[in-house]
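Source file: upload.cif (mmCIF, N, CA and C atoms)
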data_query
loop_
_atom_site.label_atom_id
_atom_site.label_comp_id
_atom_site.auth_asym_id
_atom_site.auth_seq_id
_atom_site.Cartn_x
_atom_site.Cartn_y
_atom_site.Cartn_z
N MET A 1 -6.91 -10.53 -0.16
CA MET A 1 -7.44 -11.28 -1.26
C MET A 1 -8.95 -11.38 -1.20
N ASN A 2 -9.51 -11.21 -0.03
CA ASN A 2 -10.96 -11.26 0.09
C ASN A 2 -11.61 -10.12 -0.68
N TYR A 3 -10.91 -8.99 -0.77
CA TYR A 3 -11.48 -7.85 -1.47
C TYR A 3 -11.54 -8.09 -2.98
N LEU A 4 -10.59 -8.84 -3.50
CA LEU A 4 -10.63 -9.17 -4.91
C LEU A 4 -11.84 -10.06 -5.22
N ALA A 5 -12.10 -11.01 -4.35
CA ALA A 5 -13.27 -11.86 -4.53
C ALA A 5 -14.55 -11.06 -4.37
N LEU A 6 -14.51 -10.00 -3.56
CA LEU A 6 -15.68 -9.14 -3.35
C LEU A 6 -16.13 -8.50 -4.66
N PHE A 7 -15.16 -8.01 -5.45
CA PHE A 7 -15.52 -7.33 -6.68
C PHE A 7 -15.92 -8.29 -7.79
N MET A 8 -15.64 -9.57 -7.63
CA MET A 8 -16.00 -10.55 -8.65
C MET A 8 -17.41 -11.10 -8.44
N GLN A 9 -18.04 -10.75 -7.33
CA GLN A 9 -19.39 -11.23 -7.06
C GLN A 9 -20.40 -10.35 -7.81
N ASP A 10 -21.60 -10.91 -8.00
CA ASP A 10 -22.65 -10.15 -8.66
C ASP A 10 -23.24 -9.09 -7.73
N GLN A 11 -23.52 -9.48 -6.49
CA GLN A 11 -24.09 -8.55 -5.52
C GLN A 11 -23.10 -8.38 -4.39
N THR A 12 -22.71 -7.14 -4.14
CA THR A 12 -21.74 -6.86 -3.09
C THR A 12 -22.40 -6.05 -1.99
N ASP A 13 -21.90 -6.22 -0.80
CA ASP A 13 -22.35 -5.42 0.33
C ASP A 13 -21.73 -4.03 0.21
N LEU A 14 -22.53 -2.99 0.28
CA LEU A 14 -22.06 -1.63 0.06
C LEU A 14 -21.00 -1.22 1.08
N SER A 15 -21.19 -1.57 2.34
CA SER A 15 -20.23 -1.16 3.36
C SER A 15 -18.88 -1.86 3.17
N THR A 16 -18.89 -3.09 2.70
CA THR A 16 -17.64 -3.80 2.45
C THR A 16 -16.92 -3.18 1.25
N ALA A 17 -17.67 -2.81 0.24
CA ALA A 17 -17.06 -2.16 -0.92
C ALA A 17 -16.47 -0.81 -0.54
N GLN A 18 -17.15 -0.05 0.31
CA GLN A 18 -16.63 1.24 0.75
C GLN A 18 -15.36 1.04 1.57
N HIS A 19 -15.34 0.01 2.40
CA HIS A 19 -14.16 -0.27 3.21
C HIS A 19 -12.98 -0.63 2.31
N ALA A 20 -13.22 -1.40 1.27
CA ALA A 20 -12.15 -1.77 0.35
C ALA A 20 -11.61 -0.53 -0.37
N LEU A 21 -12.50 0.36 -0.79
CA LEU A 21 -12.05 1.58 -1.46
C LEU A 21 -11.27 2.49 -0.52
N MET A 22 -11.69 2.55 0.74
CA MET A 22 -10.98 3.37 1.71
C MET A 22 -9.58 2.81 1.98
N LEU A 23 -9.39 1.53 1.79
CA LEU A 23 -8.05 0.96 1.94
C LEU A 23 -7.19 1.21 0.71
N MET A 24 -7.82 1.28 -0.45
CA MET A 24 -7.07 1.47 -1.69
C MET A 24 -6.62 2.91 -1.91
N VAL A 25 -7.37 3.88 -1.43
CA VAL A 25 -7.06 5.29 -1.69
C VAL A 25 -5.69 5.68 -1.14
N PRO A 26 -5.35 5.39 0.13
CA PRO A 26 -4.01 5.77 0.60
C PRO A 26 -2.89 5.04 -0.13
N ILE A 27 -3.13 3.80 -0.51
CA ILE A 27 -2.10 3.06 -1.24
C ILE A 27 -1.86 3.69 -2.60
N LEU A 28 -2.93 4.07 -3.29
CA LEU A 28 -2.78 4.71 -4.60
C LEU A 28 -2.12 6.08 -4.48
N MET A 29 -2.42 6.81 -3.42
CA MET A 29 -1.77 8.10 -3.21
C MET A 29 -0.28 7.93 -2.96
N LEU A 30 0.09 6.93 -2.20
CA LEU A 30 1.50 6.66 -1.93
C LEU A 30 2.23 6.26 -3.21
N VAL A 31 1.61 5.44 -4.03
CA VAL A 31 2.21 5.06 -5.31
C VAL A 31 2.36 6.29 -6.20
N GLY A 32 1.39 7.18 -6.20
CA GLY A 32 1.48 8.41 -6.99
C GLY A 32 2.61 9.31 -6.54
N ILE A 33 2.79 9.44 -5.23
CA ILE A 33 3.88 10.27 -4.70
C ILE A 33 5.23 9.68 -5.06
N ILE A 34 5.35 8.36 -4.96
CA ILE A 34 6.61 7.71 -5.32
C ILE A 34 6.88 7.90 -6.81
N PHE A 35 5.85 7.76 -7.65
CA PHE A 35 6.03 7.97 -9.09
C PHE A 35 6.47 9.40 -9.38
N LEU A 36 5.86 10.37 -8.73
CA LEU A 36 6.25 11.76 -8.95
C LEU A 36 7.70 12.00 -8.55
N ALA A 37 8.13 11.39 -7.45
CA ALA A 37 9.52 11.55 -7.02
C ALA A 37 10.47 10.93 -8.05
N ILE A 38 10.09 9.79 -8.60
CA ILE A 38 10.93 9.14 -9.60
C ILE A 38 11.05 9.99 -10.86
N VAL A 39 10.01 10.75 -11.18
CA VAL A 39 10.03 11.59 -12.38
C VAL A 39 10.70 12.94 -12.10
N ILE A 40 10.39 13.56 -10.98
CA ILE A 40 10.85 14.92 -10.72
C ILE A 40 12.34 14.99 -10.40
N ILE A 41 12.85 14.07 -9.61
CA ILE A 41 14.24 14.16 -9.15
C ILE A 41 15.24 14.14 -10.31
N PRO A 42 15.14 13.23 -11.27
CA PRO A 42 16.10 13.31 -12.40
C PRO A 42 15.98 14.61 -13.20
N PHE A 43 14.74 15.05 -13.47
CA PHE A 43 14.58 16.31 -14.19
C PHE A 43 15.13 17.49 -13.41
N TRP A 44 15.05 17.42 -12.09
CA TRP A 44 15.59 18.48 -11.22
C TRP A 44 17.09 18.63 -11.48
N PHE A 45 17.81 17.50 -11.49
CA PHE A 45 19.25 17.55 -11.70
C PHE A 45 19.60 17.92 -13.13
N ILE A 46 18.82 17.46 -14.09
CA ILE A 46 19.07 17.80 -15.50
C ILE A 46 18.91 19.30 -15.71
N CYS A 47 17.85 19.87 -15.18
CA CYS A 47 17.61 21.32 -15.34
C CYS A 47 18.71 22.12 -14.66
N LYS A 48 19.12 21.68 -13.47
CA LYS A 48 20.16 22.40 -12.75
C LYS A 48 21.49 22.35 -13.50
N LYS A 49 21.83 21.20 -14.05
CA LYS A 49 23.09 21.05 -14.79
C LYS A 49 23.06 21.83 -16.11
N ALA A 50 21.88 21.97 -16.72
CA ALA A 50 21.76 22.71 -17.97
C ALA A 50 21.72 24.21 -17.76
N GLY A 51 21.68 24.65 -16.51
CA GLY A 51 21.68 26.07 -16.23
C GLY A 51 20.31 26.68 -16.09
N PHE A 52 19.29 25.87 -16.11
CA PHE A 52 17.93 26.35 -15.91
C PHE A 52 17.54 26.24 -14.45
N SER A 53 16.43 26.86 -14.12
CA SER A 53 15.92 26.73 -12.76
C SER A 53 15.43 25.30 -12.54
N PRO A 54 15.83 24.68 -11.42
CA PRO A 54 15.37 23.31 -11.15
C PRO A 54 13.86 23.20 -10.99
N TRP A 55 13.20 24.32 -10.71
CA TRP A 55 11.75 24.30 -10.54
C TRP A 55 11.03 24.02 -11.85
N LEU A 56 11.74 24.09 -12.98
CA LEU A 56 11.14 23.74 -14.26
C LEU A 56 10.79 22.25 -14.33
N SER A 57 11.39 21.45 -13.46
CA SER A 57 11.08 20.03 -13.45
C SER A 57 9.62 19.80 -13.07
N LEU A 58 9.04 20.68 -12.29
CA LEU A 58 7.61 20.58 -11.96
C LEU A 58 6.76 20.83 -13.20
N LEU A 59 7.25 21.66 -14.09
CA LEU A 59 6.53 21.94 -15.32
C LEU A 59 6.48 20.70 -16.21
N ASN A 60 7.50 19.88 -16.14
CA ASN A 60 7.49 18.63 -16.91
C ASN A 60 6.37 17.72 -16.46
N VAL A 61 6.08 17.70 -15.18
CA VAL A 61 4.99 16.87 -14.67
C VAL A 61 3.66 17.39 -15.17
N VAL A 62 3.48 18.70 -15.18
CA VAL A 62 2.24 19.29 -15.67
C VAL A 62 2.09 19.00 -17.16
N ARG A 63 3.18 19.13 -17.91
CA ARG A 63 3.13 18.86 -19.34
C ARG A 63 2.81 17.41 -19.61
N TRP A 64 3.39 16.51 -18.82
CA TRP A 64 3.11 15.09 -19.00
C TRP A 64 1.67 14.76 -18.64
N ALA A 65 1.15 15.37 -17.59
CA ALA A 65 -0.23 15.08 -17.16
C ALA A 65 -1.25 15.58 -18.18
N THR A 66 -0.96 16.67 -18.85
CA THR A 66 -1.91 17.19 -19.82
C THR A 66 -1.84 16.46 -21.15
N SER A 67 -0.73 15.77 -21.41
CA SER A 67 -0.61 15.07 -22.69
C SER A 67 -1.25 13.69 -22.67
N CYS A 68 -1.58 13.19 -21.49
CA CYS A 68 -2.17 11.84 -21.40
C CYS A 68 -3.61 11.82 -21.76
#
So, in terms of structure tokens, how does the structure I just supplied come out?
Amino acid sequence: MNYLALFMQDQTDLSTAQHALMLMVPILMLVGIIFLAIVIIPFWFICKKAGFSPWLSLLNVVRWATSC
């Protein structure tokens, strides 16, 4: 919670801000990987059941990323 108060101040210490960002990057990467798994796994089974290559589920992620 101290990091939230850090960003609400007018003047922040640069090293503290860098430390906060270094803590957030792995957390955001983990959330991204979990989100990709939640999206890819159902499409994997849908493509396989429809008779298509399951690797097309990766194409859905690319299509979704470019449409945003």
Check your understanding: Hey, what comes out of the PyMOL selection byres (((chain A and resi 26-41 and name CA) around 8) and name CA) on this file? Could you write it as a PyMOL selection string?
Key -> chain A and resi 22-25+42-45+57-58+60-61
Save the residues we just selected, N, CA and C atoms, as a CSV table (one decimal), keeping the file's coordinate frame?
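This is the output file again_36.csv:
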chain,number,residue,atom,x,y,z
A,22,MET,N,-11.7,2.6,0.7
A,22,MET,CA,-11.0,3.4,1.7
A,22,MET,C,-9.6,2.8,2.0
A,23,LEU,N,-9.4,1.5,1.8
A,23,LEU,CA,-8.0,1.0,1.9
A,23,LEU,C,-7.2,1.2,0.7
A,24,MET,N,-7.8,1.3,-0.4
A,24,MET,CA,-7.1,1.5,-1.7
A,24,MET,C,-6.6,2.9,-1.9
A,25,VAL,N,-7.4,3.9,-1.4
A,25,VAL,CA,-7.1,5.3,-1.7
A,25,VAL,C,-5.7,5.7,-1.1
A,42,PRO,N,15.1,13.2,-11.3
A,42,PRO,CA,16.1,13.3,-12.4
A,42,PRO,C,16.0,14.6,-13.2
A,43,PHE,N,14.7,15.0,-13.5
A,43,PHE,CA,14.6,16.3,-14.2
A,43,PHE,C,15.1,17.5,-13.4
A,44,TRP,N,15.0,17.4,-12.1
A,44,TRP,CA,15.6,18.5,-11.2
A,44,TRP,C,17.1,18.6,-11.5
A,45,PHE,N,17.8,17.5,-11.5
A,45,PHE,CA,19.2,17.6,-11.7
A,45,PHE,C,19.6,17.9,-13.1
A,57,SER,N,11.4,21.4,-13.5
A,57,SER,CA,11.1,20.0,-13.4
A,57,SER,C,9.6,19.8,-13.1
A,58,LEU,N,9.0,20.7,-12.3
A,58,LEU,CA,7.6,20.6,-12.0
A,58,LEU,C,6.8,20.8,-13.2
A,60,ASN,N,7.5,19.9,-16.1
A,60,ASN,CA,7.5,18.6,-16.9
A,60,ASN,C,6.4,17.7,-16.5
A,61,VAL,N,6.1,17.7,-15.2
A,61,VAL,CA,5.0,16.9,-14.7
A,61,VAL,C,3.7,17.4,-15.2
Check your understanding: What does the distance from CA of Ala17 in chain A to CA of Ala65 in chain A come to in Å, to one decimal?
Key -> 29.1 Å
Check your understanding: Can you tell me how far atom C of Leu59 in chain A sits from atom N of Ile46 in chain A, in Å to one decimal?
Key ->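 For atom C of Leu59 in chain A relative to atom N of Ile46 in chain A, the distance reads 12.9 Å.
Take CA of Lys48 in chain A and CA of Val62 in chain A: the distance between them is 18.4 Å.
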